[in-house]
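One file, data.cif, carrying mmCIF, C-alpha atoms:
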data_data
loop_
_atom_site.label_atom_id
_atom_site.label_comp_id
_atom_site.auth_asym_id
_atom_site.auth_seq_id
_atom_site.Cartn_x
_atom_site.Cartn_y
_atom_site.Cartn_z
CA MET A 25 20.22 1.18 25.11
CA ARG A 26 18.91 -0.54 22.01
CA GLN A 27 21.11 -3.52 22.79
CA ILE A 28 19.79 -3.57 26.34
CA LEU A 29 16.19 -3.47 25.15
CA GLY A 30 16.92 -6.21 22.67
CA ALA A 31 18.47 -8.33 25.38
CA ILE A 32 15.43 -7.84 27.55
CA MET A 33 13.10 -8.86 24.74
CA LEU A 34 15.28 -11.90 24.01
CA ALA A 35 15.32 -12.87 27.68
CA MET A 36 11.56 -12.56 27.82
CA ALA A 37 11.31 -14.80 24.75
CA THR A 38 12.93 -17.66 26.58
CA THR A 39 10.45 -17.78 29.42
CA GLY A 40 7.01 -18.14 27.92
CA SER A 41 6.45 -17.46 24.27
CA ALA A 42 4.81 -20.84 23.81
CA GLN A 43 2.16 -19.89 26.29
CA ALA A 44 1.47 -16.65 24.46
CA ALA A 45 1.14 -18.50 21.17
CA GLU A 46 -1.41 -21.00 22.38
CA PRO A 47 -4.98 -20.18 21.43
CA MET A 48 -7.32 -19.50 24.29
CA SER A 49 -10.89 -18.41 24.39
CA GLY A 50 -12.90 -16.11 26.62
CA HIS A 51 -13.92 -19.06 28.77
CA ASP A 52 -12.01 -22.24 29.42
CA GLN A 53 -12.96 -24.49 26.51
CA ALA A 54 -10.71 -27.19 27.92
CA ALA A 55 -13.09 -27.47 30.83
CA CYS A 56 -16.00 -28.29 28.50
CA THR A 57 -16.95 -31.95 28.54
CA ALA A 58 -19.69 -31.64 25.91
CA PRO A 59 -21.11 -28.98 23.63
CA ALA A 60 -23.63 -26.78 25.40
CA ALA A 61 -27.14 -26.28 24.09
CA VAL A 62 -27.68 -23.12 22.09
CA PRO A 63 -30.77 -20.90 22.01
CA ALA A 64 -33.52 -22.02 19.64
CA ASP A 65 -32.86 -19.27 17.13
CA LEU A 66 -29.23 -20.41 16.87
CA ALA A 67 -30.14 -24.10 16.52
CA GLY A 68 -28.39 -24.23 13.18
CA TRP A 69 -25.10 -23.92 15.03
CA SER A 70 -25.60 -27.44 16.39
CA ALA A 71 -26.63 -28.88 13.02
CA ALA A 72 -24.41 -29.77 10.08
CA HIS A 73 -22.08 -26.99 8.97
CA ARG A 74 -21.18 -26.00 5.43
CA SER A 75 -17.63 -25.45 4.32
CA MET A 76 -16.93 -22.20 2.54
CA LYS A 77 -14.13 -19.96 1.35
CA ALA A 78 -14.41 -16.27 2.07
CA ALA A 79 -14.39 -13.89 -0.88
CA ILE A 80 -11.63 -11.33 -1.21
CA LYS A 81 -13.57 -8.71 -3.15
CA VAL A 82 -17.11 -7.40 -3.11
CA ASP A 83 -18.17 -8.60 -6.53
CA ALA A 84 -17.23 -12.15 -5.57
CA ALA A 85 -19.08 -12.14 -2.26
CA SER A 86 -22.17 -13.83 -3.70
CA ARG A 87 -20.05 -16.92 -4.24
CA ALA A 88 -19.59 -16.97 -0.46
CA LEU A 89 -23.31 -16.95 0.25
CA LEU A 90 -24.35 -17.68 3.83
CA LYS A 91 -27.71 -19.37 4.21
CA GLN A 92 -29.86 -18.11 7.05
CA GLY A 93 -29.62 -20.38 10.08
CA VAL A 94 -26.88 -22.57 8.63
CA ALA A 95 -23.41 -22.34 10.15
CA ALA A 96 -20.48 -22.12 7.76
CA ASP A 97 -17.00 -23.33 8.57
CA ALA A 98 -15.22 -20.62 6.64
CA ALA A 99 -11.66 -20.38 5.42
CA LEU A 100 -10.65 -16.75 5.72
CA VAL A 101 -7.80 -15.12 3.81
CA PRO A 102 -4.88 -12.97 4.95
CA THR A 103 -6.06 -9.44 5.62
CA PRO A 104 -3.82 -7.75 3.02
CA LYS A 105 -5.57 -9.75 0.27
CA VAL A 106 -9.06 -8.57 1.18
CA ALA A 107 -10.54 -5.58 -0.65
CA TYR A 108 -13.17 -4.43 1.81
CA ALA A 109 -16.14 -2.38 0.67
CA ILE A 110 -15.41 0.06 3.48
CA GLU A 111 -12.58 0.20 5.97
CA PRO A 112 -13.53 -2.11 8.84
CA GLY A 113 -13.88 -0.47 12.22
CA LYS A 114 -10.98 -2.64 13.35
CA PRO A 115 -9.15 -3.79 10.25
CA GLY A 116 -6.53 -6.04 11.87
CA GLY A 117 -2.87 -6.32 10.99
CA SER A 118 -1.07 -7.91 8.10
CA VAL A 119 -0.93 -11.26 9.91
CA SER A 120 -4.64 -11.40 10.72
CA PHE A 121 -7.39 -12.92 8.59
CA GLY A 122 -10.61 -11.65 7.10
CA GLY A 123 -13.01 -12.02 4.22
CA LEU A 124 -16.31 -11.15 2.63
CA PHE A 125 -19.62 -13.00 2.56
CA ALA A 126 -23.11 -12.31 1.28
CA PHE A 127 -26.41 -13.25 2.84
CA ASP A 128 -30.05 -12.73 1.95
CA VAL A 129 -32.70 -11.21 4.18
CA ALA A 130 -36.23 -12.13 3.05
CA THR A 131 -38.04 -10.10 5.67
CA ALA A 132 -36.83 -6.94 7.33
CA GLY A 133 -36.08 -7.41 11.00
CA ARG A 134 -33.41 -8.14 13.56
CA TYR A 135 -30.67 -10.57 12.62
CA ARG A 136 -27.77 -11.98 14.56
CA VAL A 137 -24.29 -12.77 13.29
CA ALA A 138 -22.75 -15.52 15.44
CA GLN A 139 -19.15 -16.59 15.19
CA SER A 140 -16.63 -18.89 16.82
CA GLY A 141 -14.00 -16.15 17.09
CA ARG A 142 -13.87 -12.52 18.11
CA SER A 143 -13.38 -10.95 14.71
CA TRP A 144 -14.68 -7.51 13.81
CA VAL A 145 -17.98 -7.70 11.94
CA ASP A 146 -19.55 -5.17 9.60
CA VAL A 147 -22.82 -5.60 7.73
CA ILE A 148 -22.91 -3.35 4.69
CA VAL A 149 -26.19 -2.14 3.23
CA ASP A 150 -26.22 0.30 0.34
CA GLY A 151 -22.53 0.91 0.78
CA LYS A 152 -22.72 1.85 4.43
CA ALA A 153 -22.02 -0.08 7.61
CA VAL A 154 -25.19 -0.77 9.57
CA PRO A 155 -24.89 0.19 13.24
CA SER A 156 -25.15 -2.84 15.49
CA VAL A 157 -27.96 -2.88 18.05
CA ALA A 158 -26.66 -5.52 20.46
CA HIS A 159 -23.71 -7.75 21.02
CA GLY A 160 -22.85 -10.63 23.29
CA HIS A 161 -21.61 -14.20 23.26
CA GLY A 162 -23.09 -17.65 23.18
CA PRO A 163 -23.41 -19.99 26.14
CA ASP A 164 -20.13 -21.30 27.53
CA CYS A 165 -19.06 -24.47 25.72
CA SER A 166 -21.37 -23.72 22.80
CA GLY A 167 -18.48 -22.64 20.57
CA ILE A 168 -20.17 -19.30 19.93
CA ALA A 169 -17.68 -16.72 21.09
CA LYS A 170 -19.35 -13.56 19.83
CA THR A 171 -22.69 -12.40 18.53
CA VAL A 172 -23.68 -9.08 16.99
CA GLU A 173 -27.24 -8.05 16.12
CA TYR A 174 -28.46 -5.72 13.40
CA ASP A 175 -31.80 -4.36 12.24
CA LEU A 176 -31.75 -5.08 8.52
CA PRO A 177 -33.95 -4.39 5.51
CA ALA A 178 -34.84 -7.09 3.02
CA GLY A 179 -32.27 -7.74 0.34
CA ARG A 180 -28.84 -9.21 -0.26
CA HIS A 181 -26.27 -7.78 2.12
CA LEU A 182 -22.53 -7.91 2.52
CA LEU A 183 -20.84 -9.29 5.62
CA GLN A 184 -17.29 -8.14 6.29
CA ILE A 185 -15.11 -10.14 8.66
CA ALA A 186 -11.88 -8.51 9.83
CA ALA A 187 -9.11 -8.91 12.41
CA ASN A 188 -9.56 -12.61 13.05
CA GLY A 189 -6.60 -14.32 14.61
CA GLU A 190 -7.02 -17.61 12.76
CA GLN A 191 -7.78 -18.59 9.20
CA ALA A 192 -10.69 -20.80 10.26
CA LEU A 193 -13.89 -19.21 11.52
CA THR A 194 -17.37 -20.61 11.95
CA VAL A 195 -19.99 -17.98 11.18
CA MET A 196 -23.76 -18.00 10.97
CA VAL A 197 -26.48 -15.45 10.28
CA ALA A 198 -29.93 -16.11 11.73
CA PRO A 199 -33.02 -14.08 12.53
CA VAL A 200 -33.50 -13.07 16.15
CA ARG A 201 -36.80 -14.45 17.40
CA MET B 200 5.77 -8.87 42.36
CA SER B 201 4.28 -10.32 39.18
CA ARG B 202 6.57 -11.40 36.37
CA SER B 203 5.52 -8.55 34.11
CA GLY B 204 5.90 -6.15 37.00
CA GLY B 205 9.42 -7.42 37.49
CA TRP B 206 10.29 -7.00 33.86
CA ALA B 207 8.74 -3.56 33.81
CA LEU B 208 10.70 -2.55 36.87
CA LEU B 209 13.91 -3.86 35.34
CA LEU B 210 13.18 -2.05 32.11
CA SER B 211 12.31 1.18 33.86
CA SER B 212 15.46 1.01 35.93
CA LEU B 213 17.59 0.52 32.85
CA VAL B 214 15.81 3.26 30.96
CA LEU B 215 16.15 5.70 33.81
CA ALA B 216 19.78 4.76 34.36
CA THR B 217 20.62 5.49 30.76
CA GLY B 218 18.57 8.65 30.56
CA VAL B 219 16.48 7.58 27.62
CA GLY B 220 13.88 10.04 26.44
CA VAL B 221 13.75 9.05 22.84
CA ALA B 222 10.89 11.29 21.83
CA HIS B 223 12.99 14.32 22.66
CA ASP B 224 16.27 13.19 21.11
CA ALA B 225 18.04 15.90 19.17
CA GLY B 226 17.80 15.41 15.44
CA ASN B 227 14.45 13.64 15.55
CA SER B 228 11.24 15.20 14.36
CA LEU B 229 8.53 15.32 16.98
CA ASP B 230 5.79 16.03 14.45
CA ALA B 231 6.90 13.08 12.37
CA GLN B 232 7.04 10.91 15.47
CA VAL B 233 3.47 11.89 16.33
CA ALA B 234 2.30 11.03 12.80
CA LEU B 235 4.08 7.70 12.95
CA GLY B 236 2.81 7.00 16.44
CA ARG B 237 -0.75 7.70 15.40
CA ARG B 238 -0.50 5.11 12.65
CA LEU B 239 1.19 2.56 14.90
CA PHE B 240 -1.45 3.13 17.56
CA HIS B 241 -4.11 1.85 15.17
CA ASP B 242 -2.08 -1.02 13.70
CA GLY B 243 -2.99 -4.59 14.56
CA ASP B 244 0.50 -5.72 13.62
CA LEU B 245 1.61 -4.71 17.09
CA SER B 246 -0.13 -7.84 18.36
CA ILE B 247 0.98 -11.42 17.85
CA ASN B 248 -1.92 -12.44 15.60
CA GLY B 249 -2.85 -9.07 14.18
CA THR B 250 -6.10 -8.85 16.10
CA LEU B 251 -5.32 -6.08 18.58
CA SER B 252 -4.02 -2.59 18.09
CA CYS B 253 -3.58 -0.07 20.88
CA ALA B 254 -6.81 1.50 19.66
CA THR B 255 -8.72 -1.75 20.07
CA CYS B 256 -8.78 -1.15 23.81
CA HIS B 257 -7.96 2.56 23.87
CA ASP B 258 -10.68 3.43 21.38
CA PRO B 259 -10.78 7.12 20.42
CA ARG B 260 -14.57 6.80 20.18
CA HIS B 261 -14.65 5.94 23.88
CA ALA B 262 -12.28 8.60 25.19
CA PHE B 263 -9.35 6.28 24.45
CA ALA B 264 -10.79 3.60 26.74
CA ASP B 265 -13.44 1.00 25.96
CA GLY B 266 -16.89 0.10 27.17
CA VAL B 267 -16.27 -3.31 28.66
CA ARG B 268 -15.26 -4.52 32.10
CA ALA B 269 -11.92 -5.97 30.99
CA HIS B 270 -10.63 -6.61 27.49
CA PRO B 271 -9.38 -10.10 26.54
CA GLY B 272 -5.89 -10.57 25.18
CA ALA B 273 -4.95 -11.41 21.60
CA HIS B 274 -5.77 -15.09 22.05
CA GLY B 275 -8.72 -14.50 24.33
CA GLU B 276 -6.72 -14.46 27.53
CA PRO B 277 -8.90 -13.00 30.29
CA GLY B 278 -8.35 -9.31 30.94
CA LEU B 279 -7.51 -8.25 34.46
CA ARG B 280 -8.35 -4.59 34.70
CA ASN B 281 -10.54 -1.90 33.22
CA VAL B 282 -8.90 -0.15 30.32
CA PRO B 283 -7.88 3.33 31.50
CA SER B 284 -8.52 6.33 29.31
CA LEU B 285 -5.44 7.87 27.75
CA LEU B 286 -6.78 11.41 27.95
CA ASN B 287 -3.97 13.65 29.21
CA VAL B 288 -1.82 10.61 29.89
CA GLY B 289 1.23 12.67 29.01
CA SER B 290 0.69 14.54 32.27
CA PHE B 291 0.48 11.43 34.43
CA SER B 292 3.16 9.97 36.65
CA PRO B 293 2.94 7.17 37.53
CA LEU B 294 1.02 5.91 34.54
CA THR B 295 -0.90 2.96 35.91
CA TRP B 296 -2.34 1.61 39.12
CA GLY B 297 -0.81 -1.76 38.40
CA ASN B 298 2.81 -0.69 38.60
CA ALA B 299 3.78 2.61 40.13
CA SER B 300 7.32 2.31 38.78
CA LEU B 301 6.09 3.02 35.26
CA THR B 302 6.51 6.73 34.84
CA LYS B 303 7.44 7.13 31.16
CA LEU B 304 5.26 6.28 28.22
CA GLU B 305 8.28 4.86 26.41
CA GLN B 306 8.61 2.28 29.18
CA GLN B 307 4.95 1.56 29.55
CA ALA B 308 4.41 0.42 25.96
CA ILE B 309 6.15 -2.87 26.65
CA VAL B 310 3.46 -3.83 29.18
CA PRO B 311 0.53 -4.23 26.78
CA ILE B 312 2.69 -5.24 23.83
CA ALA B 313 4.89 -7.86 25.48
CA GLY B 314 3.57 -8.32 29.00
CA GLU B 315 2.45 -11.63 30.45
CA ASP B 316 0.34 -10.72 33.44
CA PRO B 317 -1.99 -10.41 31.72
CA VAL B 318 -1.11 -11.30 28.16
CA GLU B 319 -2.55 -8.51 26.05
CA MET B 320 -0.96 -8.12 22.62
CA GLY B 321 1.16 -11.24 23.06
CA MET B 322 4.40 -9.98 21.49
CA LYS B 323 6.76 -11.24 24.16
CA GLY B 324 10.06 -12.05 22.49
CA GLN B 325 8.78 -10.92 19.10
CA GLU B 326 10.78 -7.73 18.60
CA ALA B 327 12.37 -9.06 15.42
CA GLU B 328 8.98 -10.10 14.09
CA LEU B 329 7.57 -6.66 14.86
CA ALA B 330 10.44 -5.03 12.98
CA ARG B 331 9.95 -7.43 10.09
CA ARG B 332 6.25 -6.66 9.77
CA LEU B 333 6.73 -2.92 9.84
CA SER B 334 9.80 -2.97 7.59
CA THR B 335 7.91 -4.70 4.78
CA ASN B 336 5.64 -1.67 4.49
CA PRO B 337 7.20 1.10 2.34
CA CYS B 338 5.01 3.69 4.01
CA TYR B 339 6.39 2.75 7.40
CA ARG B 340 9.95 2.90 6.14
CA LYS B 341 9.36 6.50 5.04
CA LEU B 342 7.62 7.41 8.27
CA PHE B 343 10.38 5.97 10.45
CA LYS B 344 13.04 7.79 8.42
CA ALA B 345 11.18 11.06 8.85
CA ALA B 346 10.63 10.48 12.56
CA PHE B 347 14.08 9.20 13.44
CA PRO B 348 16.60 10.66 11.03
CA ALA B 349 19.36 10.31 13.61
CA THR B 350 19.13 6.51 13.29
CA ARG B 351 18.19 6.61 9.59
CA GLY B 352 14.75 5.33 10.46
CA ARG B 353 15.75 2.25 12.37
CA ILE B 354 12.67 0.17 13.13
CA ASP B 355 12.82 -1.53 16.49
CA PHE B 356 10.94 -1.56 19.74
CA THR B 357 12.72 1.56 20.95
CA SER B 358 11.58 3.65 17.99
CA VAL B 359 8.10 2.11 18.02
CA SER B 360 7.61 2.91 21.70
CA ALA B 361 9.01 6.41 21.24
CA ALA B 362 6.58 7.15 18.42
CA LEU B 363 3.67 5.74 20.40
CA ALA B 364 4.67 7.92 23.33
CA ALA B 365 4.88 11.01 21.14
CA PHE B 366 1.37 10.37 19.83
CA GLN B 367 -0.06 9.66 23.26
CA ARG B 368 1.26 12.97 24.54
CA THR B 369 -1.01 14.69 22.02
CA ILE B 370 -4.15 13.08 23.51
CA ASP B 371 -5.03 16.19 25.44
CA SER B 372 -8.36 17.45 26.73
CA HIS B 373 -7.18 20.61 28.42
CA GLU B 374 -9.42 22.88 26.39
CA THR B 375 -12.76 22.23 28.04
CA ALA B 376 -15.05 24.97 29.30
CA TRP B 377 -13.92 24.04 32.82
CA ASP B 378 -10.26 24.44 31.87
CA TYR B 379 -10.94 27.87 30.42
CA ALA B 380 -12.96 28.91 33.46
CA ALA B 381 -10.30 27.62 35.83
CA ALA B 382 -7.73 29.66 33.94
CA GLY B 383 -9.74 32.85 34.38
CA GLY B 384 -11.72 32.63 31.15
CA PRO B 385 -15.50 32.69 30.72
CA ALA B 386 -17.37 31.37 33.74
CA LEU B 387 -19.24 28.08 33.59
CA ASN B 388 -22.98 28.31 33.07
CA THR B 389 -25.30 27.97 36.03
CA ALA B 390 -25.98 24.25 35.66
CA ALA B 391 -22.29 23.46 35.26
CA THR B 392 -21.46 25.60 38.27
CA ARG B 393 -23.96 23.65 40.37
CA GLY B 394 -22.48 20.42 39.05
CA GLU B 395 -18.99 21.57 39.88
CA ALA B 396 -20.06 22.14 43.48
CA VAL B 397 -21.59 18.66 43.71
CA PHE B 398 -18.50 17.16 42.10
CA ALA B 399 -16.23 18.95 44.54
CA ARG B 400 -18.24 17.58 47.44
CA GLU B 401 -18.86 14.03 46.25
CA CYS B 402 -16.18 13.08 43.76
CA ALA B 403 -13.10 15.24 44.03
CA GLY B 404 -11.70 13.28 46.93
CA CYS B 405 -10.26 10.94 44.30
CA HIS B 406 -10.94 12.80 41.05
CA ARG B 407 -8.97 15.82 42.08
CA GLY B 408 -6.92 18.51 40.44
CA ARG B 409 -6.58 19.51 36.84
CA GLU B 410 -6.46 15.89 35.68
CA PHE B 411 -9.44 14.80 37.79
CA THR B 412 -7.46 11.95 39.31
CA ASP B 413 -5.04 11.48 42.17
CA LEU B 414 -3.43 8.60 40.28
CA ALA B 415 -3.83 6.39 43.34
CA PHE B 416 -5.54 3.05 43.80
CA HIS B 417 -8.65 3.24 45.93
CA ARG B 418 -10.37 0.29 47.50
CA LEU B 419 -14.08 0.52 46.86
CA PRO B 420 -16.59 -1.08 49.23
CA GLY B 421 -16.57 -4.81 48.75
CA GLU B 422 -13.54 -4.77 46.50
CA PRO B 423 -10.18 -6.43 47.18
CA ASP B 424 -7.41 -4.28 48.61
CA VAL B 425 -5.06 -4.83 45.71
CA PRO B 426 -5.50 -3.64 42.14
CA ALA B 427 -6.68 -6.81 40.47
CA ARG B 428 -9.50 -7.87 38.23
CA ALA B 429 -11.56 -4.99 36.96
CA VAL B 430 -12.00 -3.28 40.27
CA PHE B 431 -12.35 0.23 39.01
CA ASP B 432 -15.96 0.15 37.94
CA HIS B 433 -17.99 1.99 40.55
CA SER B 434 -21.20 0.20 39.68
CA GLY B 435 -19.66 -3.25 39.68
CA SER B 436 -21.56 -3.96 36.48
#
With the file now loaded, output its structure as structure tokens.
Amino acid sequence: MRQILGAIMLAMATTGSAQAAEPMSGHDQAACTAPAAVPADLAGWSAAHRSMKAAIKVDAASRALLKQGVAADAALVPTPKVAYAIEPGKPGGSVSFGGLFAFDVATAGRYRVAQSGRSWVDVIVDGKAVPSVAHGHGPDCSGIAKTVEYDLPAGRHLLQIAANGEQALTVMVAPVR
Amino acid sequence: MSRSGGWALLLSSLVLATGVGVAHDAGNSLDAQVALGRRLFHDGDLSINGTLSCATCHDPRHAFADGVRAHPGAHGEPGLRNVPSLLNVGSFSPLTWGNASLTKLEQQAIVPIAGEDPVEMGMKGQEAELARRLSTNPCYRKLFKAAFPATRGRIDFTSVSAALAAFQRTIDSHETAWDYAAAGGPALNTAATRGEAVFARECAGCHRGREFTDLAFHRLPGEPDVPARAVFDHSGS
């Protein structure tokens, strides 16, 4: 039986693995002729991006400091190398990518984490994951695939990214207005 | 028939013809299989890019389903159907609306892991890669040896699907107040009794029996007459 199952898997491999390996997004990006406008409070997404490497441990996260309203083109790291502050809700497998970032909140309020992928996001305050209050996605063709909102106190906070399928991820934190 | 349906039918025919019921093989430890299956169920390495585990869609916090209309695949491929809950799935036959030929959990695992219509976990043709990923983990090597001593812990799709099936058979909700009352135990309270009467009148046409389902596809008003894209949400939201 094992040989039969193996043969089936091998046969399946010959008929479409390339299709399965090709990245796709929630909407058909190939159909986009130009970047779509983004809401005013995500305007930074359409401005110049910073390049950044994700941190792999909490005490290095401040070197991966996200500036409010500025999108970062981040290089994530393989999941097994990341020492998360807490176990992510969806940690991803050994072949996925993740990383740690810090960001500052000057005024308590609602903040949105926008990203180009569909990775799992945790915001850690005082060692605990903050419950999200809303989630969604950006306009089609905007490049924003997922957004998650949090009510946050002032201070420096930790952003955990987990279970991303690619090493590259654009991420931005901005206040919700 | 869709391509994945064809493969699933072929697989189920072969499995049935050879009498496979791996979870119950003599010499294997069911408890160890359940423990292994629980870990595998939550492991993103069962998907091509590590982004999806079984629990990503069948989230224990949402009754082993999820809260969205249809879940995208590992690379963002559009989902086709609502994610069904796995509660009491060990009692179900057939297992899905999409393919009535799937009657064993050991067979069904190949659909989300390696299916193409839709692509979910994207592992078509990646059995060797799956074995490689799991084999590099010393913890998994121990767990597979404990679960499948008859094969000295061989790690392949057969043992993975058997362990997943063993775990899924433990997802059981047959200890509710209604279950106890139906079995002659303490009666439901007044409000629940009224609700039971309303349910029997309004809902039990489809949600019938001990499992609260007839396991059949029902066309809702305004919905297509074939099980397709996310047609199981009553509200249409």
Interface, chain B side, toward chain A (9 Å; only C-alpha atoms) as a PDB file with C-alpha atoms, keeping the file's coordinate frame:
ATOM      1  CA  TRP B 206      10.290  -7.000  33.860  1.00  0.00           C
ATOM      2  CA  LEU B 209      13.910  -3.860  35.340  1.00  0.00           C
ATOM      3  CA  LEU B 210      13.180  -2.050  32.110  1.00  0.00           C
ATOM      4  CA  LEU B 213      17.590   0.520  32.850  1.00  0.00           C
ATOM      5  CA  VAL B 214      15.810   3.260  30.960  1.00  0.00           C
ATOM      6  CA  THR B 217      20.620   5.490  30.760  1.00  0.00           C
ATOM      7  CA  VAL B 219      16.480   7.580  27.620  1.00  0.00           C
ATOM      8  CA  HIS B 241      -4.110   1.850  15.170  1.00  0.00           C
ATOM      9  CA  ASP B 242      -2.080  -1.020  13.700  1.00  0.00           C
ATOM     10  CA  GLY B 243      -2.990  -4.590  14.560  1.00  0.00           C
ATOM     11  CA  ASP B 244       0.500  -5.720  13.620  1.00  0.00           C
ATOM     12  CA  LEU B 245       1.610  -4.710  17.090  1.00  0.00           C
ATOM     13  CA  SER B 246      -0.130  -7.840  18.360  1.00  0.00           C
ATOM     14  CA  ILE B 247       0.980 -11.420  17.850  1.00  0.00           C
ATOM     15  CA  ASN B 248      -1.920 -12.440  15.600  1.00  0.00           C
ATOM     16  CA  GLY B 249      -2.850  -9.070  14.180  1.00  0.00           C
ATOM     17  CA  THR B 250      -6.100  -8.850  16.100  1.00  0.00           C
ATOM     18  CA  LEU B 251      -5.320  -6.080  18.580  1.00  0.00           C
ATOM     19  CA  SER B 252      -4.020  -2.590  18.090  1.00  0.00           C
ATOM     20  CA  ALA B 254      -6.810   1.500  19.660  1.00  0.00           C
ATOM     21  CA  THR B 255      -8.720  -1.750  20.070  1.00  0.00           C
ATOM     22  CA  PRO B 271      -9.380 -10.100  26.540  1.00  0.00           C
ATOM     23  CA  ALA B 273      -4.950 -11.410  21.600  1.00  0.00           C
ATOM     24  CA  HIS B 274      -5.770 -15.090  22.050  1.00  0.00           C
ATOM     25  CA  GLY B 275      -8.720 -14.500  24.330  1.00  0.00           C
ATOM     26  CA  GLU B 276      -6.720 -14.460  27.530  1.00  0.00           C
ATOM     27  CA  PRO B 277      -8.900 -13.000  30.290  1.00  0.00           C
ATOM     28  CA  ALA B 313       4.890  -7.860  25.480  1.00  0.00           C
ATOM     29  CA  GLU B 315       2.450 -11.630  30.450  1.00  0.00           C
ATOM     30  CA  VAL B 318      -1.110 -11.300  28.160  1.00  0.00           C
ATOM     31  CA  GLY B 321       1.160 -11.240  23.060  1.00  0.00           C
ATOM     32  CA  MET B 322       4.400  -9.980  21.490  1.00  0.00           C
ATOM     33  CA  LYS B 323       6.760 -11.240  24.160  1.00  0.00           C
ATOM     34  CA  GLY B 324      10.060 -12.050  22.490  1.00  0.00           C
ATOM     35  CA  GLN B 325       8.780 -10.920  19.100  1.00  0.00           C
ATOM     36  CA  GLU B 326      10.780  -7.730  18.600  1.00  0.00           C
ATOM     37  CA  ARG B 332       6.250  -6.660   9.770  1.00  0.00           C
ATOM     38  CA  ASP B 355      12.820  -1.530  16.490  1.00  0.00           C
ATOM     39  CA  PHE B 356      10.940  -1.560  19.740  1.00  0.00           C
ATOM     40  CA  THR B 357      12.720   1.560  20.950  1.00  0.00           C
TER      41      THR B 357
END
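This file gives the following result for the PyMOL selection byres ((chain B and resi 292) around 12): Asn287, Val288, Gly289, Ser290, Phe291, Pro293, Leu294, Thr295, Trp296, Asn298, Ala299, Ser300, Leu301, Thr302, Lys303, Leu304, Gln307, Glu410, Thr412, Asp413, Leu414 and Ala415 of chain B.
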Exercise for the section: Write out as a ChimeraX atom specification which residues come within 9 Å of A:Met76 when counting only C-alpha atoms, dropping same-chain ones fewer than 4 positions away. Expected result: /A:88-90,96-100
Problem - Expansion of the PyMOL selection byres ((chain A and resi 127-132) around 7) into residues, as JSON, numbers by chain - result: {"A": [89, 90, 91, 125, 126, 133, 176, 177, 178, 179, 180, 181, 182]}
Completion exercise
Using all atoms listed in the file, the best pick from B:Ala346, B:Glu395, B:His270, B:Arg238 as closest to B:Ala376 would be B:Glu395
Handout entry: Top pick for closest residue to A:Lys105, considering A:Ala61, A:Ile80, A:Val137, A:Ala85 and counting all atoms listed in the file
Key =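 Closest to A:Lys105 of all the choices is A:Ile80.
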Practice task
Report the residues retrieved by the PyMOL selection byres ((chain A and resi 198-200) around 8) from the displayed file, expressed as a PyMOL selection string.
Solution key: chain A and resi 65-66+92-94+133-137+196-197+201
Quick one: write out the picked residues with C-alpha atoms as a PDB file, in the coordinates of the input?
ATOM      1  CA  ASP A  65     -32.860 -19.270  17.130  1.00  0.00           C
ATOM      2  CA  LEU A  66     -29.230 -20.410  16.870  1.00  0.00           C
ATOM      3  CA  GLN A  92     -29.860 -18.110   7.050  1.00  0.00           C
ATOM      4  CA  GLY A  93     -29.620 -20.380  10.080  1.00  0.00           C
ATOM      5  CA  VAL A  94     -26.880 -22.570   8.630  1.00  0.00           C
ATOM      6  CA  GLY A 133     -36.080  -7.410  11.000  1.00  0.00           C
ATOM      7  CA  ARG A 134     -33.410  -8.140  13.560  1.00  0.00           C
ATOM      8  CA  TYR A 135     -30.670 -10.570  12.620  1.00  0.00           C
ATOM      9  CA  ARG A 136     -27.770 -11.980  14.560  1.00  0.00           C
ATOM     10  CA  VAL A 137     -24.290 -12.770  13.290  1.00  0.00           C
ATOM     11  CA  MET A 196     -23.760 -18.000  10.970  1.00  0.00           C
ATOM     12  CA  VAL A 197     -26.480 -15.450  10.280  1.00  0.00           C
ATOM     13  CA  ARG A 201     -36.800 -14.450  17.400  1.00  0.00           C
TER      14      ARG A 201
END
Edge lengths and centre in Å to one decimal, as JSON, is what I'm after for the box along x, y and z that holds all listed atoms of stretch 366-375 of chain B once 5 Å is added on each side.
{"center_x": -5.7, "center_y": 16.3, "center_z": 24.1, "size_x": 24.1, "size_y": 23.2, "size_z": 18.6}
Practice task
Mind giving me the straight-line distance from atom CA of B:Ala264 to atom CA of B:Leu286 in Å, one decimal?
Solution key: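 Going from atom CA of B:Ala264 over to atom CA of B:Leu286, I get 8.9 Å.
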Exercise for the section: Quick one: pull the distance between atom CA of A:Gly167 and atom CA of B:Asp258, Å, one decimal. Expected result: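 Taking atom CA of A:Gly167 and atom CA of B:Asp258, their separation equals 27.2 Å.
Interatomic distance, atom CA of B:Val282 against atom CA of B:Ala399: 24.9 Å.
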Exercise for the section: Name the closest residue to A:His73 among the candidates A:Val157, A:Ile168, A:Val149, A:Ala95; distances are taken between atoms, counting only C-alpha atoms. Expected result: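 The answer is A:Ala95, which sits nearest to A:His73.
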Problem - Distance criterion (only C-alpha atoms): nearest to B:Arg418 out of B:Ser360, B:Ser372, B:Phe343, B:Cys405 - result: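 Counting only C-alpha atoms, the residue closest to B:Arg418 is B:Cys405.
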Practice task
Counting all atoms listed in the file, figure out which residue out of A:Gln139, A:Glu111, A:Ala79, A:Gly123 gets nearest to A:Ser166.
Solution key: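 For A:Ser166, the nearest of the candidates is A:Gln139.
Closest approach to A:Ala58 among A:Ala192, A:Gln184, A:Asp164, A:Arg87: A:Asp164, based on all atoms listed in the file.
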